[in-house]
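Note: the block below is data-v2.txt and it holds compact mmCIF, N, CA and C atoms.
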```txt
# COMPACT_ATOMS: atom_id res chain seq x y z
N MET A 8 189.13 235.01 69.06
CA MET A 8 188.88 234.62 67.69
C MET A 8 188.80 235.86 66.82
N THR A 9 189.41 235.81 65.65
CA THR A 9 189.32 236.91 64.69
C THR A 9 188.77 236.38 63.38
N LEU A 10 188.20 237.28 62.60
CA LEU A 10 187.59 236.88 61.33
C LEU A 10 187.83 237.98 60.30
N ASN A 11 188.33 237.61 59.14
CA ASN A 11 188.57 238.56 58.06
C ASN A 11 188.12 237.87 56.77
N VAL A 12 186.83 237.98 56.45
CA VAL A 12 186.26 237.34 55.27
C VAL A 12 185.46 238.36 54.48
N VAL A 13 185.72 238.40 53.19
CA VAL A 13 184.99 239.30 52.29
C VAL A 13 184.38 238.44 51.18
N THR A 14 183.08 238.62 50.93
CA THR A 14 182.41 237.93 49.84
C THR A 14 181.71 238.98 48.99
N LEU A 15 182.01 239.00 47.70
CA LEU A 15 181.45 240.01 46.79
C LEU A 15 181.00 239.36 45.49
N VAL A 16 179.98 239.95 44.86
CA VAL A 16 179.56 239.58 43.52
C VAL A 16 179.44 240.87 42.73
N GLY A 17 180.09 240.91 41.57
CA GLY A 17 180.03 242.11 40.75
C GLY A 17 180.65 241.87 39.39
N ARG A 18 180.84 242.97 38.68
CA ARG A 18 181.41 242.92 37.33
C ARG A 18 182.82 243.47 37.33
N VAL A 19 183.68 242.81 36.55
CA VAL A 19 185.08 243.20 36.45
C VAL A 19 185.19 244.50 35.68
N GLY A 20 186.01 245.43 36.20
CA GLY A 20 186.11 246.77 35.62
C GLY A 20 187.04 246.89 34.43
N GLY A 21 187.90 245.93 34.22
CA GLY A 21 188.83 245.96 33.10
C GLY A 21 189.49 244.60 32.96
N ASP A 22 190.14 244.36 31.83
CA ASP A 22 190.83 243.09 31.66
C ASP A 22 191.89 242.93 32.75
N PRO A 23 192.05 241.73 33.28
CA PRO A 23 193.02 241.50 34.36
C PRO A 23 194.46 241.81 33.94
N ASP A 24 195.23 242.29 34.91
CA ASP A 24 196.66 242.54 34.74
C ASP A 24 197.39 241.35 35.36
N VAL A 25 198.09 240.56 34.54
CA VAL A 25 198.72 239.33 35.00
C VAL A 25 200.23 239.47 34.95
N LYS A 26 200.90 239.02 36.02
CA LYS A 26 202.36 239.04 36.06
C LYS A 26 202.86 237.66 36.47
N TYR A 27 203.88 237.19 35.73
CA TYR A 27 204.53 235.92 36.02
C TYR A 27 205.91 236.21 36.58
N PHE A 28 206.28 235.53 37.66
CA PHE A 28 207.56 235.74 38.31
C PHE A 28 208.51 234.58 37.99
N GLU A 29 209.81 234.83 38.07
CA GLU A 29 210.81 233.80 37.80
C GLU A 29 210.66 232.61 38.73
N SER A 30 210.12 232.87 39.91
CA SER A 30 209.92 231.79 40.89
C SER A 30 208.81 230.84 40.48
N GLY A 31 208.02 231.22 39.46
CA GLY A 31 206.90 230.42 39.03
C GLY A 31 205.57 230.92 39.55
N SER A 32 205.60 231.88 40.47
CA SER A 32 204.37 232.45 41.01
C SER A 32 203.67 233.30 39.95
N VAL A 33 202.35 233.39 40.08
CA VAL A 33 201.54 234.20 39.17
C VAL A 33 200.62 235.06 40.03
N VAL A 34 200.50 236.35 39.66
CA VAL A 34 199.55 237.24 40.32
C VAL A 34 198.69 237.91 39.27
N CYS A 35 197.43 238.04 39.58
CA CYS A 35 196.47 238.68 38.69
C CYS A 35 195.78 239.78 39.49
N LYS A 36 195.75 240.99 38.95
CA LYS A 36 195.09 242.10 39.61
C LYS A 36 194.01 242.67 38.70
N CYS A 37 192.88 243.01 39.30
CA CYS A 37 191.79 243.63 38.56
C CYS A 37 190.89 244.37 39.53
N THR A 38 189.92 245.08 39.01
CA THR A 38 188.96 245.79 39.83
C THR A 38 187.59 245.14 39.69
N LEU A 39 186.77 245.32 40.71
CA LEU A 39 185.42 244.75 40.72
C LEU A 39 184.44 245.83 41.12
N ALA A 40 183.41 246.02 40.31
CA ALA A 40 182.34 246.98 40.60
C ALA A 40 181.17 246.22 41.21
N VAL A 41 180.75 246.64 42.39
CA VAL A 41 179.63 246.02 43.08
C VAL A 41 178.58 247.11 43.30
N ASN A 42 177.38 246.88 42.76
CA ASN A 42 176.32 247.88 42.90
C ASN A 42 175.87 248.00 44.34
N ARG A 43 175.71 249.24 44.76
CA ARG A 43 175.15 249.55 46.08
C ARG A 43 173.79 250.18 45.84
N ARG A 44 172.76 249.51 46.21
CA ARG A 44 171.41 249.99 45.98
C ARG A 44 171.07 251.10 46.99
N SER A 45 170.52 252.17 46.48
CA SER A 45 170.03 253.25 47.34
C SER A 45 168.84 253.89 46.65
N ARG A 46 168.15 254.73 47.35
CA ARG A 46 166.97 255.38 46.78
C ARG A 46 167.33 256.35 45.67
N ASP A 47 168.48 256.99 45.79
CA ASP A 47 168.84 258.06 44.87
C ASP A 47 169.61 257.61 43.64
N ASN A 48 170.48 256.61 43.81
CA ASN A 48 171.30 256.20 42.66
C ASN A 48 171.80 254.77 42.83
N ASP A 49 172.37 254.24 41.78
CA ASP A 49 172.95 252.90 41.80
C ASP A 49 174.46 252.99 41.59
N GLU A 50 175.11 253.85 42.36
CA GLU A 50 176.56 254.02 42.24
C GLU A 50 177.26 252.73 42.68
N PRO A 51 178.20 252.25 41.87
CA PRO A 51 178.93 251.04 42.31
C PRO A 51 180.04 251.39 43.29
N ASP A 52 180.37 250.43 44.13
CA ASP A 52 181.57 250.50 44.95
C ASP A 52 182.64 249.73 44.18
N TRP A 53 183.88 250.26 44.16
CA TRP A 53 184.96 249.63 43.43
C TRP A 53 185.95 249.00 44.40
N PHE A 54 186.36 247.77 44.09
CA PHE A 54 187.28 247.03 44.92
C PHE A 54 188.47 246.57 44.08
N ASN A 55 189.66 246.66 44.66
CA ASN A 55 190.88 246.14 44.03
C ASN A 55 191.05 244.69 44.45
N LEU A 56 191.23 243.80 43.46
CA LEU A 56 191.39 242.38 43.73
C LEU A 56 192.81 241.94 43.42
N GLU A 57 193.32 241.02 44.23
CA GLU A 57 194.63 240.41 44.02
C GLU A 57 194.45 238.89 44.11
N ILE A 58 194.81 238.20 43.04
CA ILE A 58 194.60 236.76 42.94
C ILE A 58 195.94 236.09 42.65
N TRP A 59 196.25 235.00 43.35
CA TRP A 59 197.54 234.32 43.20
C TRP A 59 197.38 232.88 42.72
N GLY A 60 198.44 232.34 42.16
CA GLY A 60 198.53 230.91 41.85
C GLY A 60 197.63 230.45 40.72
N LYS A 61 197.15 229.22 40.87
CA LYS A 61 196.30 228.60 39.84
C LYS A 61 195.03 229.43 39.61
N THR A 62 194.48 229.98 40.69
CA THR A 62 193.29 230.82 40.56
C THR A 62 193.58 232.05 39.70
N ALA A 63 194.78 232.60 39.82
CA ALA A 63 195.19 233.74 38.99
C ALA A 63 195.26 233.36 37.52
N GLU A 64 195.75 232.15 37.24
CA GLU A 64 195.82 231.68 35.86
C GLU A 64 194.42 231.50 35.27
N ILE A 65 193.50 230.98 36.06
CA ILE A 65 192.11 230.84 35.61
C ILE A 65 191.52 232.22 35.32
N ALA A 66 191.74 233.16 36.22
CA ALA A 66 191.24 234.53 36.00
C ALA A 66 191.83 235.12 34.73
N ALA A 67 193.12 234.91 34.50
CA ALA A 67 193.79 235.44 33.31
C ALA A 67 193.17 234.87 32.04
N ASN A 68 192.78 233.60 32.08
CA ASN A 68 192.25 232.93 30.89
C ASN A 68 190.76 233.17 30.64
N TYR A 69 189.99 233.37 31.69
CA TYR A 69 188.53 233.41 31.53
C TYR A 69 187.84 234.69 31.95
N VAL A 70 188.50 235.56 32.68
CA VAL A 70 187.87 236.79 33.15
C VAL A 70 188.24 237.94 32.23
N ARG A 71 187.25 238.70 31.83
CA ARG A 71 187.44 239.87 30.98
C ARG A 71 186.62 241.04 31.53
N LYS A 72 186.87 242.22 31.02
CA LYS A 72 186.09 243.39 31.41
C LYS A 72 184.60 243.07 31.25
N GLY A 73 183.83 243.34 32.29
CA GLY A 73 182.40 243.11 32.26
C GLY A 73 181.97 241.74 32.75
N SER A 74 182.90 240.81 32.96
CA SER A 74 182.55 239.47 33.44
C SER A 74 181.89 239.56 34.81
N LEU A 75 180.85 238.76 35.01
CA LEU A 75 180.20 238.66 36.31
C LEU A 75 180.90 237.57 37.11
N ILE A 76 181.46 237.95 38.26
CA ILE A 76 182.18 236.99 39.09
C ILE A 76 181.76 237.14 40.54
N GLY A 77 181.98 236.08 41.29
CA GLY A 77 181.84 236.10 42.74
C GLY A 77 183.20 235.77 43.33
N ILE A 78 183.54 236.42 44.42
CA ILE A 78 184.82 236.15 45.06
C ILE A 78 184.63 236.01 46.57
N THR A 79 185.52 235.24 47.16
CA THR A 79 185.64 235.18 48.61
C THR A 79 187.12 235.35 48.91
N GLY A 80 187.42 236.17 49.89
CA GLY A 80 188.81 236.42 50.23
C GLY A 80 188.92 237.16 51.54
N SER A 81 190.03 237.86 51.70
CA SER A 81 190.28 238.61 52.93
C SER A 81 190.74 240.02 52.58
N LEU A 82 190.50 240.93 53.50
CA LEU A 82 190.86 242.34 53.31
C LEU A 82 192.27 242.57 53.83
N LYS A 83 193.07 243.26 53.02
CA LYS A 83 194.40 243.69 53.47
C LYS A 83 194.61 245.12 52.98
N PHE A 84 195.65 245.75 53.46
CA PHE A 84 195.97 247.11 53.02
C PHE A 84 197.38 247.14 52.47
N GLU A 85 197.55 247.84 51.35
CA GLU A 85 198.88 248.08 50.79
C GLU A 85 199.30 249.48 51.19
N TYR A 86 200.55 249.63 51.62
CA TYR A 86 201.08 250.92 52.06
C TYR A 86 202.28 251.30 51.21
N TRP A 87 202.41 252.59 50.90
CA TRP A 87 203.57 253.08 50.16
C TRP A 87 203.71 254.58 50.41
N GLN A 88 204.83 255.11 49.96
CA GLN A 88 205.08 256.54 50.08
C GLN A 88 205.01 257.15 48.70
N ASP A 89 204.20 258.19 48.54
CA ASP A 89 204.02 258.87 47.27
C ASP A 89 205.35 259.48 46.83
N ARG A 90 205.78 259.15 45.62
CA ARG A 90 207.08 259.63 45.13
C ARG A 90 207.10 261.14 44.93
N ALA A 91 205.98 261.70 44.50
CA ALA A 91 205.94 263.13 44.20
C ALA A 91 205.86 263.98 45.46
N THR A 92 205.02 263.57 46.42
CA THR A 92 204.79 264.41 47.60
C THR A 92 205.45 263.88 48.87
N GLY A 93 205.83 262.61 48.87
CA GLY A 93 206.41 262.01 50.07
C GLY A 93 205.37 261.60 51.10
N ALA A 94 204.09 261.81 50.78
CA ALA A 94 203.02 261.48 51.72
C ALA A 94 202.83 259.97 51.80
N ASN A 95 202.50 259.50 53.00
CA ASN A 95 202.18 258.09 53.18
C ASN A 95 200.80 257.81 52.59
N ARG A 96 200.70 256.74 51.82
CA ARG A 96 199.44 256.39 51.15
C ARG A 96 199.09 254.94 51.47
N SER A 97 197.82 254.61 51.29
CA SER A 97 197.38 253.22 51.46
C SER A 97 196.13 252.99 50.64
N LYS A 98 195.85 251.71 50.36
CA LYS A 98 194.61 251.34 49.68
C LYS A 98 194.21 249.95 50.13
N PRO A 99 192.90 249.74 50.25
CA PRO A 99 192.43 248.39 50.60
C PRO A 99 192.47 247.49 49.38
N VAL A 100 192.82 246.23 49.59
CA VAL A 100 192.89 245.22 48.53
C VAL A 100 192.24 243.95 49.06
N ILE A 101 191.44 243.31 48.21
CA ILE A 101 190.85 242.02 48.55
C ILE A 101 191.76 240.93 48.02
N ARG A 102 192.31 240.11 48.91
CA ARG A 102 193.15 238.97 48.56
C ARG A 102 192.21 237.79 48.28
N VAL A 103 191.98 237.48 47.00
CA VAL A 103 191.00 236.49 46.59
C VAL A 103 191.50 235.08 46.85
N GLU A 104 190.67 234.28 47.51
CA GLU A 104 190.98 232.88 47.76
C GLU A 104 190.09 231.95 46.92
N ARG A 105 188.90 232.43 46.59
CA ARG A 105 187.97 231.64 45.77
C ARG A 105 187.37 232.54 44.71
N LEU A 106 187.30 232.02 43.49
CA LEU A 106 186.76 232.75 42.35
C LEU A 106 185.65 231.92 41.72
N ASP A 107 184.46 232.52 41.54
CA ASP A 107 183.35 231.87 40.86
C ASP A 107 183.01 232.65 39.62
N LEU A 108 183.00 231.97 38.47
CA LEU A 108 182.58 232.59 37.21
C LEU A 108 181.07 232.44 37.13
N LEU A 109 180.34 233.57 37.17
CA LEU A 109 178.89 233.53 37.33
C LEU A 109 178.10 233.87 36.08
N GLY A 110 178.72 234.46 35.09
CA GLY A 110 178.00 234.84 33.88
C GLY A 110 177.56 233.62 33.09
N SER A 111 176.75 233.86 32.07
CA SER A 111 176.34 232.79 31.18
C SER A 111 177.54 232.30 30.39
N LYS A 112 177.40 231.15 29.75
CA LYS A 112 178.49 230.63 28.94
C LYS A 112 178.88 231.63 27.87
N ARG A 113 177.90 232.30 27.31
CA ARG A 113 178.18 233.30 26.28
C ARG A 113 178.91 234.49 26.87
N ASP A 114 178.54 234.87 28.11
CA ASP A 114 179.18 236.02 28.76
C ASP A 114 180.67 235.79 28.99
N ASN A 115 181.03 234.63 29.51
CA ASN A 115 182.43 234.43 29.88
C ASN A 115 183.13 233.35 29.06
N GLU A 116 182.43 232.73 28.13
CA GLU A 116 183.01 231.70 27.27
C GLU A 116 183.80 230.67 28.07
N ALA A 117 183.24 230.29 29.21
CA ALA A 117 183.94 229.36 30.09
C ALA A 117 183.05 228.18 30.42
N ALA A 118 182.50 227.55 29.41
CA ALA A 118 181.63 226.40 29.63
C ALA A 118 182.37 225.36 30.46
N GLY A 119 181.69 224.90 31.49
CA GLY A 119 182.29 223.89 32.34
C GLY A 119 183.23 224.44 33.39
N MET A 120 183.50 225.72 33.39
CA MET A 120 184.40 226.31 34.36
C MET A 120 183.54 226.96 35.45
N GLY A 121 183.60 226.42 36.67
CA GLY A 121 182.73 226.87 37.74
C GLY A 121 183.42 227.72 38.78
N ASN A 122 184.05 227.10 39.76
CA ASN A 122 184.71 227.89 40.79
C ASN A 122 186.12 227.38 41.01
N TYR A 123 186.95 228.25 41.56
CA TYR A 123 188.36 227.95 41.74
C TYR A 123 188.80 228.48 43.07
N GLN A 124 189.61 227.69 43.75
CA GLN A 124 190.07 228.08 45.06
C GLN A 124 191.57 227.94 45.11
N SER A 125 192.21 228.97 45.66
CA SER A 125 193.65 228.95 45.77
C SER A 125 194.08 228.02 46.89
N ASN A 126 195.07 227.18 46.63
CA ASN A 126 195.61 226.30 47.64
C ASN A 126 196.98 226.73 48.09
N GLU A 127 197.42 227.89 47.63
CA GLU A 127 198.75 228.37 47.97
C GLU A 127 198.75 229.11 49.31
N GLU A 128 199.81 228.96 50.05
CA GLU A 128 199.97 229.65 51.33
C GLU A 128 200.89 230.84 51.14
N PHE A 129 200.56 231.95 51.80
CA PHE A 129 201.39 233.17 51.69
C PHE A 129 201.71 233.70 53.06
```
Target encoding structure tokens, full file:
Amino acid sequence: MTLNVVTLVGRVGGDPDVKYFESGSVVCKCTLAVNRRSRDNDEPDWFNLEIWGKTAEIAANYVRKGSLIGITGSLKFEYWQDRATGANRSKPVIRVERLDLLGSKRDNEAAGMGNYQSNEEF
């Protein structure tokens, strides 16, 4: 048995970047800051999020910089070769399957909008 589940609650680092494809697919990318409590400081950990389908459309419409959200998804890695140096590079990305808008109605202006789960298979 294997398990790859990530659950995070934090604030969005910037307005989402949304792309629509000719196939009808939608992807939304953004960053999430999650506070890590320690004795010395409250430095946030930053996570790259990737959201697809109907959930991506909801994120595009209701998520903004500073929005408090909760997500559940899985960890994956993106790999590429740096164009300038030719070095192999990678970064972790959270593939979001469920999105919860957690801020107050005033914070996210999404009255009645609770949680969203992607039903798309990839």
With stretch 96-109 of chain A as the partner and 6 Å as the cut-off, tabulate the residues of stretch 68-87 of chain A that qualify, each row holding the nearest pair of atoms and their distance in Å to one decimal, using only C-alpha atoms, sorted by chain and rising number, as CSV.
```
residue,atom,partner,partner_atom,distance
A:Leu75,CA,A:Leu109,CA,5.4
A:Ile76,CA,A:Leu108,CA,4.8
A:Gly77,CA,A:Asp107,CA,4.9
A:Ile78,CA,A:Leu106,CA,4.8
A:Thr79,CA,A:Arg105,CA,5.1
A:Gly80,CA,A:Val103,CA,4.2
A:Ser81,CA,A:Arg102,CA,5.2
A:Leu82,CA,A:Ile101,CA,4.8
A:Lys83,CA,A:Val100,CA,5.4
A:Phe84,CA,A:Pro99,CA,4.5
A:Glu85,CA,A:Ser97,CA,5.4
A:Tyr86,CA,A:Ser97,CA,4.4
A:Trp87,CA,A:Arg96,CA,5.4
```
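Separating atom C of A:Leu39 from atom N of A:Asp52 is a distance of 6.8 Å.
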I'd like to know which of A:Phe28, A:Val16, A:Glu64, A:Thr9 is closest to A:Asn42, using only C-alpha atoms.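 That would be A:Val16, the residue with the smallest distance to A:Asn42.
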Distance criterion (only C-alpha atoms): nearest to A:Ala40 out of A:Gly110, A:Glu57, A:Lys72, A:Gln88: A:Lys72
When DSSP works through the backbone of this structure, what residues of stretch 22-78 of chain A end up as strand (DSSP E or B), shown as a PyMOL selection string? chain A and resi 24-27+33-42+51-59+75-78
How would stretch 80-98 of chain A of the given structure read as a file with N, CA and C atoms, as a PDB file, in the first residue's frame?
```pdb
ATOM      1  N   GLY A  80      -4.466  17.301  -1.443  1.00  0.00           N
ATOM      2  CA  GLY A  80      -3.981  16.875  -2.742  1.00  0.00           C
ATOM      3  C   GLY A  80      -2.849  15.883  -2.603  1.00  0.00           C
ATOM      4  N   SER A  81      -2.028  15.811  -3.631  1.00  0.00           N
ATOM      5  CA  SER A  81      -0.897  14.888  -3.635  1.00  0.00           C
ATOM      6  C   SER A  81       0.360  15.627  -4.084  1.00  0.00           C
ATOM      7  N   LEU A  82       1.488  15.107  -3.651  1.00  0.00           N
ATOM      8  CA  LEU A  82       2.786  15.703  -3.974  1.00  0.00           C
ATOM      9  C   LEU A  82       3.318  15.096  -5.261  1.00  0.00           C
ATOM     10  N   LYS A  83       3.782  15.972  -6.153  1.00  0.00           N
ATOM     11  CA  LYS A  83       4.460  15.514  -7.366  1.00  0.00           C
ATOM     12  C   LYS A  83       5.669  16.417  -7.587  1.00  0.00           C
ATOM     13  N   PHE A  84       6.530  16.038  -8.496  1.00  0.00           N
ATOM     14  CA  PHE A  84       7.693  16.855  -8.828  1.00  0.00           C
ATOM     15  C   PHE A  84       7.681  17.181 -10.307  1.00  0.00           C
ATOM     16  N   GLU A  85       8.000  18.438 -10.626  1.00  0.00           N
ATOM     17  CA  GLU A  85       8.170  18.855 -12.015  1.00  0.00           C
ATOM     18  C   GLU A  85       9.663  18.892 -12.295  1.00  0.00           C
ATOM     19  N   TYR A  86      10.064  18.370 -13.448  1.00  0.00           N
ATOM     20  CA  TYR A  86      11.476  18.318 -13.832  1.00  0.00           C
ATOM     21  C   TYR A  86      11.674  19.070 -15.138  1.00  0.00           C
ATOM     22  N   TRP A  87      12.800  19.769 -15.261  1.00  0.00           N
ATOM     23  CA  TRP A  87      13.140  20.463 -16.499  1.00  0.00           C
ATOM     24  C   TRP A  87      14.642  20.713 -16.523  1.00  0.00           C
ATOM     25  N   GLN A  88      15.108  21.149 -17.680  1.00  0.00           N
ATOM     26  CA  GLN A  88      16.519  21.487 -17.839  1.00  0.00           C
ATOM     27  C   GLN A  88      16.641  22.991 -17.967  1.00  0.00           C
ATOM     28  N   ASP A  89      17.480  23.599 -17.146  1.00  0.00           N
ATOM     29  CA  ASP A  89      17.697  25.040 -17.149  1.00  0.00           C
ATOM     30  C   ASP A  89      18.254  25.459 -18.504  1.00  0.00           C
ATOM     31  N   ARG A  90      17.596  26.415 -19.142  1.00  0.00           N
ATOM     32  CA  ARG A  90      18.023  26.850 -20.484  1.00  0.00           C
ATOM     33  C   ARG A  90      19.372  27.544 -20.466  1.00  0.00           C
ATOM     34  N   ALA A  91      19.648  28.295 -19.410  1.00  0.00           N
ATOM     35  CA  ALA A  91      20.893  29.059 -19.346  1.00  0.00           C
ATOM     36  C   ALA A  91      22.099  28.180 -19.021  1.00  0.00           C
ATOM     37  N   THR A  92      21.937  27.265 -18.058  1.00  0.00           N
ATOM     38  CA  THR A  92      23.088  26.481 -17.593  1.00  0.00           C
ATOM     39  C   THR A  92      23.064  25.035 -18.056  1.00  0.00           C
ATOM     40  N   GLY A  93      21.912  24.554 -18.492  1.00  0.00           N
ATOM     41  CA  GLY A  93      21.797  23.153 -18.895  1.00  0.00           C
ATOM     42  C   GLY A  93      21.642  22.204 -17.710  1.00  0.00           C
ATOM     43  N   ALA A  94      21.609  22.748 -16.497  1.00  0.00           N
ATOM     44  CA  ALA A  94      21.491  21.909 -15.301  1.00  0.00           C
ATOM     45  C   ALA A  94      20.074  21.355 -15.170  1.00  0.00           C
ATOM     46  N   ASN A  95      19.996  20.132 -14.669  1.00  0.00           N
ATOM     47  CA  ASN A  95      18.690  19.535 -14.395  1.00  0.00           C
ATOM     48  C   ASN A  95      18.103  20.179 -13.149  1.00  0.00           C
ATOM     49  N   ARG A  96      16.834  20.548 -13.227  1.00  0.00           N
ATOM     50  CA  ARG A  96      16.160  21.230 -12.112  1.00  0.00           C
ATOM     51  C   ARG A  96      14.863  20.502 -11.785  1.00  0.00           C
ATOM     52  N   SER A  97      14.368  20.738 -10.578  1.00  0.00           N
ATOM     53  CA  SER A  97      13.079  20.171 -10.182  1.00  0.00           C
ATOM     54  C   SER A  97      12.464  21.036  -9.095  1.00  0.00           C
ATOM     55  N   LYS A  98      11.144  20.901  -8.935  1.00  0.00           N
ATOM     56  CA  LYS A  98      10.457  21.583  -7.841  1.00  0.00           C
ATOM     57  C   LYS A  98       9.252  20.756  -7.434  1.00  0.00           C
TER      58      LYS A  98
END
```
